[in-house]
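Text of protein00.csv, listed as CSV, C-alpha atoms:
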```csv
chain,number,residue,atom,x,y,z
A,352,MET,CA,0.2,-6.2,15.3
A,353,ALA,CA,-6.8,-8.8,24.7
A,354,ALA,CA,-9.9,-7.6,24.6
A,355,THR,CA,-12.0,-6.6,21.6
A,356,LEU,CA,-13.2,-3.1,21.2
A,357,VAL,CA,-16.0,-2.6,18.7
A,358,VAL,CA,-16.0,0.9,17.3
A,359,VAL,CA,-19.3,2.1,15.8
A,360,LEU,CA,-18.6,4.3,12.8
A,361,SER,CA,-20.9,6.9,11.4
A,362,GLN,CA,-19.6,6.2,7.9
A,363,LEU,CA,-21.2,2.9,7.2
A,364,SER,CA,-19.3,2.6,3.9
A,365,LEU,CA,-16.2,2.0,5.9
A,366,LEU,CA,-17.4,-1.0,7.7
A,367,SER,CA,-16.5,-3.5,5.0
A,368,THR,CA,-12.9,-2.6,5.3
A,369,ILE,CA,-12.5,-2.1,9.0
A,370,PHE,CA,-10.7,-4.7,11.0
A,371,ILE,CA,-10.8,-5.2,14.7
A,372,ILE,CA,-7.3,-5.8,16.1
A,373,THR,CA,-7.2,-8.2,19.0
A,374,ASN,CA,-3.6,-9.1,19.7
A,375,GLN,CA,-1.0,-10.2,22.1
A,376,PHE,CA,0.2,-6.7,22.8
A,377,GLY,CA,-3.0,-5.5,24.6
A,378,ALA,CA,-5.5,-2.9,23.6
A,379,ALA,CA,-7.7,-3.5,20.6
A,380,LYS,CA,-8.5,-0.9,18.0
A,381,ALA,CA,-10.6,-0.6,14.8
A,382,THR,CA,-8.4,0.6,12.0
A,383,ASP,CA,-8.4,0.6,8.2
A,384,ILE,CA,-4.9,-0.7,7.6
A,385,GLY,CA,-3.5,-3.7,5.7
A,386,VAL,CA,0.0,-5.2,5.8
A,387,ASN,CA,2.2,-6.2,2.9
A,388,TYR,CA,3.3,-9.9,2.9
A,389,GLY,CA,6.8,-9.8,1.3
A,390,MET,CA,8.6,-13.1,0.7
A,391,LEU,CA,12.2,-12.0,0.0
A,392,GLY,CA,13.7,-14.1,2.8
A,393,ASN,CA,15.1,-17.6,3.1
A,394,ASN,CA,14.1,-18.0,6.7
A,395,LEU,CA,10.5,-17.0,6.7
A,396,PRO,CA,7.8,-19.2,8.2
A,397,PRO,CA,5.5,-21.3,6.0
A,398,ALA,CA,2.6,-19.5,4.4
A,399,ALA,CA,0.0,-21.2,6.6
A,400,GLU,CA,1.7,-20.0,9.7
A,401,VAL,CA,2.0,-16.5,8.3
A,402,ILE,CA,-1.7,-16.3,7.5
A,403,ASN,CA,-2.5,-17.5,11.0
A,404,LEU,CA,-0.3,-14.7,12.3
A,405,TYR,CA,-2.4,-12.2,10.3
A,406,LYS,CA,-5.6,-13.7,11.8
A,407,LYS,CA,-4.2,-13.9,15.3
A,408,ASN,CA,-3.4,-10.2,15.1
A,409,GLY,CA,-6.7,-9.3,13.5
A,410,VAL,CA,-5.2,-8.0,10.3
A,411,SER,CA,-7.9,-8.5,7.7
A,412,LYS,CA,-6.1,-7.0,4.6
A,413,LEU,CA,-3.0,-8.2,2.9
A,414,ARG,CA,-1.0,-7.3,-0.2
A,415,LEU,CA,0.6,-10.2,-2.0
A,416,PHE,CA,3.4,-9.4,-4.5
A,417,ASP,CA,2.8,-12.5,-6.6
A,418,PRO,CA,0.3,-15.3,-6.7
A,419,ASP,CA,2.2,-17.7,-4.4
A,420,PRO,CA,0.2,-20.9,-4.4
A,421,ALA,CA,0.9,-21.8,-0.7
A,422,ALA,CA,-0.2,-18.3,0.4
A,423,LEU,CA,-3.3,-18.4,-1.7
A,424,ALA,CA,-4.2,-21.8,-0.4
A,425,ALA,CA,-3.7,-20.6,3.2
A,426,LEU,CA,-5.8,-17.5,2.5
A,427,LYS,CA,-8.9,-19.6,1.5
A,428,GLY,CA,-11.7,-19.0,4.0
A,429,SER,CA,-9.6,-16.6,6.1
A,430,LYS,CA,-11.8,-13.6,5.4
A,431,ILE,CA,-8.6,-11.6,4.7
A,432,GLU,CA,-8.9,-9.2,1.7
A,433,VAL,CA,-6.1,-9.8,-0.8
A,434,ALA,CA,-4.6,-7.1,-3.1
A,435,LEU,CA,-2.8,-9.4,-5.6
A,436,ASP,CA,0.0,-8.2,-7.9
A,437,LEU,CA,0.9,-9.3,-11.3
A,438,LYS,CA,4.7,-9.7,-11.4
A,439,ASN,CA,6.6,-7.0,-13.3
A,440,GLN,CA,8.5,-9.4,-15.5
A,441,ASP,CA,5.2,-10.9,-16.8
A,442,LEU,CA,3.8,-7.7,-18.2
A,443,PRO,CA,5.4,-7.8,-21.6
A,444,ILE,CA,4.0,-11.2,-22.4
A,445,PHE,CA,0.6,-10.3,-21.0
A,446,ALA,CA,0.5,-7.1,-23.1
A,447,SER,CA,1.2,-9.0,-26.3
A,448,SER,CA,-0.9,-12.1,-25.5
A,449,PRO,CA,-4.4,-11.7,-24.0
A,450,PRO,CA,-4.6,-15.5,-23.9
A,451,ALA,CA,-1.6,-15.7,-21.6
A,452,LEU,CA,-3.2,-13.2,-19.3
A,453,GLN,CA,-6.4,-15.2,-19.4
A,454,GLN,CA,-4.5,-18.3,-18.4
A,455,TRP,CA,-2.9,-16.4,-15.5
A,456,PHE,CA,-6.3,-15.4,-14.3
A,457,ILE,CA,-7.7,-18.9,-14.7
A,458,GLN,CA,-4.8,-20.4,-12.7
A,459,ASN,CA,-4.2,-17.7,-10.0
A,460,VAL,CA,-7.5,-16.0,-9.3
A,461,GLU,CA,-10.5,-17.9,-10.6
A,462,PRO,CA,-10.0,-21.0,-8.3
A,463,TYR,CA,-10.1,-18.8,-5.2
A,464,LEU,CA,-13.0,-16.5,-6.0
A,465,ASN,CA,-15.4,-18.3,-3.7
A,466,ASP,CA,-13.0,-18.3,-0.8
A,467,ILE,CA,-10.9,-15.1,-1.1
A,468,ASP,CA,-12.0,-11.5,-1.5
A,469,PHE,CA,-9.8,-9.8,-4.1
A,470,PRO,CA,-10.5,-6.0,-3.9
A,471,TYR,CA,-7.5,-5.2,-6.2
A,472,LEU,CA,-5.5,-6.8,-9.0
A,473,VAL,CA,-2.3,-4.7,-9.2
A,474,VAL,CA,-0.7,-4.5,-12.7
A,475,GLY,CA,3.0,-4.1,-11.8
A,476,ASN,CA,4.8,-2.6,-8.8
A,477,GLU,CA,6.6,0.7,-9.4
A,478,VAL,CA,7.1,0.1,-13.1
A,479,ILE,CA,6.0,3.6,-14.0
A,480,PRO,CA,8.3,5.3,-14.9
A,481,GLY,CA,10.5,2.7,-16.4
A,482,ASP,CA,11.2,0.4,-19.3
A,483,LEU,CA,8.1,-1.7,-18.5
A,484,GLY,CA,5.8,1.3,-17.9
A,485,HIS,CA,4.2,1.3,-21.3
A,486,TYR,CA,2.9,-2.3,-20.8
A,487,VAL,CA,0.7,-1.3,-17.9
A,488,TRP,CA,-2.2,0.3,-19.7
A,489,PRO,CA,-2.8,-2.5,-22.3
A,490,VAL,CA,-2.6,-5.2,-19.5
A,491,MET,CA,-5.0,-3.2,-17.4
A,492,MET,CA,-7.5,-3.1,-20.3
A,493,SER,CA,-7.2,-6.8,-21.1
A,494,LEU,CA,-7.6,-7.7,-17.4
A,495,GLN,CA,-10.7,-5.5,-17.1
A,496,ASN,CA,-12.1,-7.3,-20.2
A,497,ILE,CA,-11.7,-10.6,-18.4
A,498,LEU,CA,-13.4,-9.3,-15.3
A,499,ASP,CA,-16.3,-7.8,-17.3
A,500,THR,CA,-16.8,-11.0,-19.2
A,501,LYS,CA,-17.1,-12.9,-15.9
A,502,ASN,CA,-19.2,-10.2,-14.2
A,503,LEU,CA,-16.6,-9.7,-11.5
A,504,HIS,CA,-17.4,-6.0,-11.0
A,505,GLY,CA,-16.2,-5.9,-7.4
A,506,ILE,CA,-12.6,-6.4,-8.4
A,507,LYS,CA,-10.7,-3.2,-9.3
A,508,VAL,CA,-7.7,-3.1,-11.6
A,509,THR,CA,-4.9,-0.7,-10.6
A,510,THR,CA,-1.1,-0.2,-10.6
A,511,THR,CA,1.4,1.1,-8.0
A,512,LEU,CA,3.6,4.2,-8.4
A,513,PRO,CA,6.8,5.2,-6.6
A,514,GLY,CA,7.5,8.7,-5.4
A,515,THR,CA,9.9,9.0,-8.4
A,516,ALA,CA,6.9,9.1,-10.7
A,517,LEU,CA,6.8,12.8,-9.7
A,518,SER,CA,9.3,15.3,-11.1
A,519,THR,CA,8.0,18.0,-8.7
A,520,SER,CA,6.6,17.3,-5.3
A,521,TYR,CA,7.3,20.5,-3.3
A,522,PRO,CA,5.2,22.4,-2.6
A,523,PRO,CA,2.5,19.8,-2.9
A,524,SER,CA,0.3,22.1,-5.0
A,525,LEU,CA,3.0,22.0,-7.8
A,526,GLY,CA,3.1,18.3,-7.9
A,527,GLN,CA,3.8,17.1,-11.5
A,528,PHE,CA,4.4,13.7,-13.0
A,529,SER,CA,7.8,13.3,-14.8
A,530,ALA,CA,7.7,13.4,-18.6
A,531,GLN,CA,8.2,9.6,-18.8
A,532,ALA,CA,5.6,8.8,-16.1
A,533,ALA,CA,3.1,11.2,-17.7
A,534,ALA,CA,3.4,9.4,-21.1
A,535,ASP,CA,2.8,6.0,-19.5
A,536,LEU,CA,0.0,7.3,-17.2
A,537,LYS,CA,-2.0,9.1,-19.9
A,538,GLY,CA,-4.1,6.0,-20.7
A,539,VAL,CA,-3.8,4.5,-17.2
A,540,LEU,CA,-5.4,7.5,-15.4
A,541,SER,CA,-8.2,7.7,-18.0
A,542,PHE,CA,-8.8,4.0,-17.4
A,543,LEU,CA,-8.9,4.4,-13.6
A,544,SER,CA,-11.3,7.3,-13.9
A,545,SER,CA,-13.7,5.5,-16.2
A,546,GLN,CA,-13.7,2.4,-14.1
A,547,GLY,CA,-13.9,4.1,-10.7
A,548,SER,CA,-10.7,2.4,-9.7
A,549,PRO,CA,-8.0,3.9,-7.4
A,550,LEU,CA,-4.4,4.6,-8.1
A,551,MET,CA,-1.9,2.9,-5.7
A,552,ILE,CA,1.1,4.9,-4.4
A,553,ASN,CA,4.0,4.0,-2.2
A,554,VAL,CA,4.6,6.8,0.3
A,555,TYR,CA,7.7,6.8,2.5
A,556,PRO,CA,8.4,10.0,4.5
A,557,TYR,CA,11.4,8.1,6.0
A,558,PHE,CA,13.4,8.4,2.7
A,559,ALA,CA,12.7,12.1,2.4
A,560,TYR,CA,13.8,12.6,6.0
A,561,ALA,CA,16.9,10.4,5.7
A,562,SER,CA,18.0,12.2,2.5
A,563,ASP,CA,18.1,15.6,4.2
A,564,PRO,CA,17.7,15.3,8.0
A,565,ALA,CA,19.1,18.8,8.5
A,566,HIS,CA,16.2,20.4,6.7
A,567,VAL,CA,13.3,17.9,7.0
A,568,ARG,CA,12.0,17.9,10.6
A,569,LEU,CA,11.7,14.6,12.3
A,570,ASP,CA,8.4,15.5,13.9
A,571,TYR,CA,7.1,16.5,10.5
A,572,ALA,CA,8.1,13.1,9.1
A,573,GLN,CA,6.7,11.1,12.1
A,574,PHE,CA,3.2,12.8,12.4
A,575,THR,CA,4.2,14.3,15.8
A,576,ALA,CA,4.4,18.0,14.8
A,577,THR,CA,1.7,20.0,16.6
A,578,GLU,CA,1.7,23.0,14.3
A,579,VAL,CA,1.6,23.7,10.6
A,580,VAL,CA,5.1,23.1,9.2
A,581,VAL,CA,4.5,23.8,5.5
A,582,GLN,CA,2.0,26.3,4.3
A,583,ASP,CA,1.1,25.8,0.7
A,584,GLY,CA,-1.4,28.5,-0.2
A,585,PRO,CA,-4.7,27.6,1.6
A,586,TYR,CA,-3.3,24.2,2.6
A,587,GLY,CA,-1.4,23.8,5.9
A,588,TYR,CA,0.6,20.6,6.4
A,589,LYS,CA,1.5,19.2,9.8
A,590,ASN,CA,3.0,16.0,8.4
A,591,LEU,CA,5.1,15.0,5.4
A,592,PHE,CA,2.9,12.1,4.6
A,593,ASP,CA,-0.1,14.3,3.7
A,594,ALA,CA,2.2,16.6,1.7
A,595,MET,CA,3.5,13.6,-0.3
A,596,VAL,CA,0.0,12.2,-0.9
A,597,ASP,CA,-1.3,15.7,-2.0
A,598,SER,CA,1.6,16.1,-4.4
A,599,PHE,CA,0.1,13.1,-6.3
A,600,VAL,CA,-3.4,14.6,-6.1
A,601,ALA,CA,-2.1,17.8,-7.6
A,602,ALA,CA,-0.2,15.9,-10.3
A,603,MET,CA,-3.4,14.1,-11.3
A,604,GLU,CA,-5.3,17.4,-11.3
A,605,SER,CA,-2.6,18.8,-13.6
A,606,ALA,CA,-2.9,15.8,-15.8
A,607,GLY,CA,-6.6,16.5,-16.2
A,608,VAL,CA,-7.8,13.6,-14.1
A,609,PRO,CA,-8.9,15.0,-10.7
A,610,ASP,CA,-11.4,12.3,-9.7
A,611,VAL,CA,-9.2,9.2,-9.2
A,612,GLU,CA,-8.9,8.0,-5.6
A,613,LEU,CA,-5.6,7.0,-4.0
A,614,VAL,CA,-4.6,4.0,-2.0
A,615,VAL,CA,-1.3,4.0,-0.1
A,616,SER,CA,0.0,0.6,-1.1
A,617,GLU,CA,3.2,0.9,1.0
A,618,SER,CA,4.4,3.0,3.9
A,619,GLY,CA,6.6,2.3,6.8
A,620,TRP,CA,9.8,3.1,8.7
A,621,PRO,CA,12.9,0.8,9.1
A,622,SER,CA,13.8,-0.2,12.6
A,623,ALA,CA,17.6,-0.6,11.8
A,624,GLY,CA,20.2,-0.2,9.1
A,625,ASN,CA,20.9,3.6,9.1
A,626,GLY,CA,22.1,4.4,12.6
A,627,GLU,CA,20.1,6.8,14.8
A,628,LEU,CA,17.6,7.5,11.9
A,629,THR,CA,16.3,3.9,12.1
A,630,THR,CA,15.5,2.8,15.6
A,631,GLN,CA,12.8,0.6,16.8
A,632,ALA,CA,11.3,3.5,18.7
A,633,LEU,CA,11.1,5.7,15.5
A,634,ALA,CA,9.7,2.8,13.5
A,635,SER,CA,7.0,2.2,16.2
A,636,THR,CA,6.2,5.9,16.4
A,637,TYR,CA,5.8,6.2,12.6
A,638,ASN,CA,3.7,3.1,12.1
A,639,THR,CA,1.5,3.8,15.1
A,640,ASN,CA,0.8,7.3,13.9
A,641,PHE,CA,0.3,6.2,10.3
A,642,ILE,CA,-2.4,3.8,11.5
A,643,LYS,CA,-4.1,6.5,13.6
A,644,HIS,CA,-3.9,9.1,10.8
A,645,VAL,CA,-5.3,6.9,8.1
A,646,SER,CA,-7.9,5.4,10.3
A,647,SER,CA,-9.2,8.8,11.5
A,648,GLY,CA,-10.8,9.6,8.2
A,649,VAL,CA,-9.5,13.2,8.2
A,650,GLY,CA,-8.0,12.8,4.8
A,651,THR,CA,-5.4,15.3,3.6
A,652,PRO,CA,-5.6,19.1,3.2
A,653,ARG,CA,-6.5,18.8,-0.6
A,654,ARG,CA,-9.0,16.0,0.1
A,655,PRO,CA,-10.3,16.6,3.6
A,656,ASN,CA,-12.6,14.1,5.3
A,657,LYS,CA,-12.1,11.5,2.6
A,658,ARG,CA,-11.2,7.9,3.4
A,659,LEU,CA,-7.6,7.0,2.5
A,660,GLU,CA,-6.8,3.3,2.5
A,661,GLY,CA,-3.3,2.3,3.6
A,662,TYR,CA,-1.0,-0.7,3.9
A,663,ILE,CA,2.1,-1.0,6.1
A,664,PHE,CA,5.3,-2.4,4.6
A,665,ALA,CA,5.9,-5.0,5.8
A,666,MET,CA,5.0,-8.1,7.8
A,667,PHE,CA,8.6,-9.4,8.2
A,668,ASN,CA,12.2,-8.4,8.0
A,669,GLU,CA,13.4,-10.0,4.8
A,670,ASN,CA,17.0,-11.1,4.6
A,671,LEU,CA,17.2,-11.4,0.8
A,672,LYS,CA,16.5,-7.8,0.2
A,673,SER,CA,19.4,-5.3,-0.2
A,674,PRO,CA,21.5,-5.0,3.0
A,675,GLY,CA,20.7,-2.1,5.3
A,676,VAL,CA,17.3,-0.5,5.8
A,677,GLU,CA,15.6,-2.6,3.1
A,678,GLN,CA,16.0,-5.7,5.3
A,679,ASN,CA,14.4,-3.9,8.4
A,680,PHE,CA,10.9,-2.7,7.5
A,681,GLY,CA,9.2,-5.7,9.2
A,682,LEU,CA,6.7,-5.6,12.0
A,683,PHE,CA,7.9,-9.2,12.9
A,684,TYR,CA,11.1,-11.2,12.9
A,685,PRO,CA,11.0,-14.4,10.8
A,686,ASP,CA,10.4,-16.3,14.1
A,687,MET,CA,7.1,-14.4,14.3
A,688,THR,CA,8.1,-12.4,17.4
A,689,PRO,CA,7.4,-8.6,17.1
A,690,VAL,CA,10.2,-6.3,16.3
A,691,TYR,CA,8.4,-3.6,18.3
A,692,PRO,CA,4.9,-3.0,19.4
A,693,VAL,CA,2.6,-1.0,17.2
A,694,PHE,CA,-1.1,-1.7,17.8
A,695,SER,CA,-0.7,-1.6,21.6
A,696,GLN,CA,0.1,2.1,21.2
A,697,LEU,CA,-3.3,3.0,19.7
```

Will you turn the file into C-alpha cells for me?
Amino acid sequence: MAATLVVVLSQLSLLSTIFIITNQFGAAKATDIGVNYGMLGNNLPPAAEVINLYKKNGVSKLRLFDPDPAALAALKGSKIEVALDLKNQDLPIFASSPPALQQWFIQNVEPYLNDIDFPYLVVGNEVIPGDLGHYVWPVMMSLQNILDTKNLHGIKVTTTLPGTALSTSYPPSLGQFSAQAAADLKGVLSFLSSQGSPLMINVYPYFAYASDPAHVRLDYAQFTATEVVVQDGPYGYKNLFDAMVDSFVAAMESAGVPDVELVVSESGWPSAGNGELTTQALASTYNTNFIKHVSSGVGTPRRPNKRLEGYIFAMFNENLKSPGVEQNFGLFYPDMTPVYPVFSQL
C-alpha cells in the first residue's frame, strides 16, 4: 500500500470488512479501505499480477469498473471483496431488456459466486445527472429481481454519484440535489432505502481546493486542520471531506430519504499534473489521512460514530486517461513500484 498487527475492534460488525495491511513499506495497520482497479492504460501489468499486488499489500477490497474476464479469473479464491460496475453504455439495453441483463449476470457474476464475494453491483458510474440517468432505477429493479430469484441477499445493488449531482453543497446543511439529479434519484433513493442498500458517492476535496486555493484552506482539504474551519449550525467541520459527505446526507434528508447509508466509492489526490497543488507529498498526506479518518469510525458531524466505507482512487497511474492530473491518481506506477508511501505512514 513487515509485521502484522492485529487490531481487536469493539464493533464486531466491522470485522468482515477489515483488512490487515502487511506490506513492503513497513508498519501494518487494520483499516477499512478498498482500492479502485482502473484499466485505462496501455502499459498496465497483467490482471493476475495486479491481484497478487493487492494480496501482497493486504488490500482485501477492490472496485472493478467492468467485468474484465482476466481480472475476475485472477480474483477467484483471492478473498478480495469486489464491487463490480455495470458499464454506463450498457444501461439502455439493460433497461429495455431484462433478458439481456439476465445474460450479463449469468456470464459475469454467476460463474464466480462460489469464489468471489460481491458486496455491491454498481449500476453505472456518475451517470446521474446525465442523459443515461433515467435508466439507473429500472436496471436496479431488474437486477434486484435477479438476485431475489437466486436468493442472493448478501449482494447489494447501488449506483455512484459525482459531486455535480448536488446543486448546493455549502454550507453542508443546505445540500440539495440538482433538479435533474433529483428527478433521476426519486426512484433510486426509495429503492435503496427499501433494500437497505447504500448510495455510493465520489468525494474529491482536491478538486474543490484546486478550483479555489485562495479561499479553500489546504489543511482543511488534507485533514490536517486542528480546529473547526467551517461552523454550520451545530455542526463543526475540521475537514472538507466530512463537509462534502454531509452535503449528500443533507440532500437525501431534503429528498425525504434520510436512512440511506453512504459508501465513498472514490477519493484521492493526484501526485502530479497541476504544479505545486499536486505533489507526491500532498497525495501521500491526503490518502494517509483519508485512511485514518475512515478507519477511525468517527463518522461525520451529521452522522457521528457511524462506519463509513471508502475506496481510494486508484491502484495505478493510467496513461490513457486525460493528460494532467487524471493520469496521476495512482498509488503505484505501471511497473508496480509505489508512487509514494501511504500505509507506512499509519

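Considering only C-alpha atoms, the residue among A:Pro396, A:Pro609, A:Pro621, A:Pro689 positioned nearest to Ser541 (chain A) is A:Pro609.
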
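Across A:Leu540, A:Val596, A:Leu426, A:Leu671, the tightest approach to Met491 (chain A) is made by A:Leu540 when counting all atoms listed in the file.
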
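Of the listed residues (A:Glu432, A:Glu612, A:Asp417, A:Asp583), A:Asp417 comes nearest to Val473 (chain A); the distances count only C-alpha atoms.
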
From the list A:Gln582, A:Ser411, A:Asn394, A:Gln531, which residue is nearest Asn670 (chain A) when using only C-alpha atoms? A:Asn394

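Interatomic distance, CA of Pro420 (chain A) against CA of Gly475 (chain A): 18.6 Å.
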
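Picture a line from CA of Arg568 (chain A) to CA of Ser605 (chain A); it runs 28.3 Å.
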
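Using only C-alpha atoms, the set of residues no farther than 12 Å from the position (9.1, -15.2, 14.1) comprises A:Asn394, A:Leu395, A:Pro396, A:Pro397, A:Glu400, A:Val401, A:Leu404, A:Met666, A:Phe667, A:Asn668, A:Glu669, A:Gly681, A:Leu682, A:Phe683, A:Tyr684, A:Pro685, A:Asp686, A:Met687, A:Thr688, A:Pro689, A:Val690.
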
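Atom pair CA of Gly385 (chain A) / CA of Thr515 (chain A): separated by 23.2 Å.
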
As number ranges by chain, please: the residues near Pro513 (chain A) (cut-off 10 Å, only C-alpha atoms, same-chain neighbours under 3 positions excluded). A: 476-480, 516-517, 551-555, 616-617

Write out the residues from the selection above, keeping C-alpha atoms, as a PDB file, in the frame of the given file.
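So the final result, stored in part_9.pdb, reads:
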```
ATOM      1  CA  ASN A 476       4.800  -2.600  -8.800  1.00  0.00           C
ATOM      2  CA  GLU A 477       6.600   0.700  -9.400  1.00  0.00           C
ATOM      3  CA  VAL A 478       7.100   0.100 -13.100  1.00  0.00           C
ATOM      4  CA  ILE A 479       6.000   3.600 -14.000  1.00  0.00           C
ATOM      5  CA  PRO A 480       8.300   5.300 -14.900  1.00  0.00           C
ATOM      6  CA  ALA A 516       6.900   9.100 -10.700  1.00  0.00           C
ATOM      7  CA  LEU A 517       6.800  12.800  -9.700  1.00  0.00           C
ATOM      8  CA  MET A 551      -1.900   2.900  -5.700  1.00  0.00           C
ATOM      9  CA  ILE A 552       1.100   4.900  -4.400  1.00  0.00           C
ATOM     10  CA  ASN A 553       4.000   4.000  -2.200  1.00  0.00           C
ATOM     11  CA  VAL A 554       4.600   6.800   0.300  1.00  0.00           C
ATOM     12  CA  TYR A 555       7.700   6.800   2.500  1.00  0.00           C
ATOM     13  CA  SER A 616       0.000   0.600  -1.100  1.00  0.00           C
ATOM     14  CA  GLU A 617       3.200   0.900   1.000  1.00  0.00           C
TER      15      GLU A 617
END
```

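With distances taken over all atoms listed in the file, A:Gln458 is the one residue among A:Gln458, A:Ser447, A:Ser622, A:Ser545 lying closest to Leu423 (chain A).
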
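In terms of minimum interatomic distance to Ala446 (chain A), A:Ser493 ranks closest within A:Asn465, A:Thr509, A:Thr629, A:Ser493, counting all atoms listed in the file.
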
Just the residues within 9 Å of Val579 (chain A), please, counting all atoms listed in the file, with nothing from its chain fewer than 2 positions along; format it as a ChimeraX atom specification. /A:576-577,581-582,587-590

Could you tell me, as a ChimeraX atom specification, which residues have any atom at most 12 Å from (-1.7, 17.0, -5.6), counting only C-alpha atoms? /A:517,519-528,583,586,593-613,651-654

Excluding Tyr486 (chain A) and any residue of its chain fewer than 3 positions from it, enumerate the residues within 12 Å of it, using all atoms listed in the file, and give them as a PyMOL selection string. chain A and resi 437+439-448+474-475+478-483+489-493+510+534-536+538-539

Taking 6 positions as the minimum chain separation for residues in the same chain, which residues sit within 9 Å of Asp466 (chain A) when counting only C-alpha atoms? Answer as a VMD selection string. chain A and resid 426 to 430
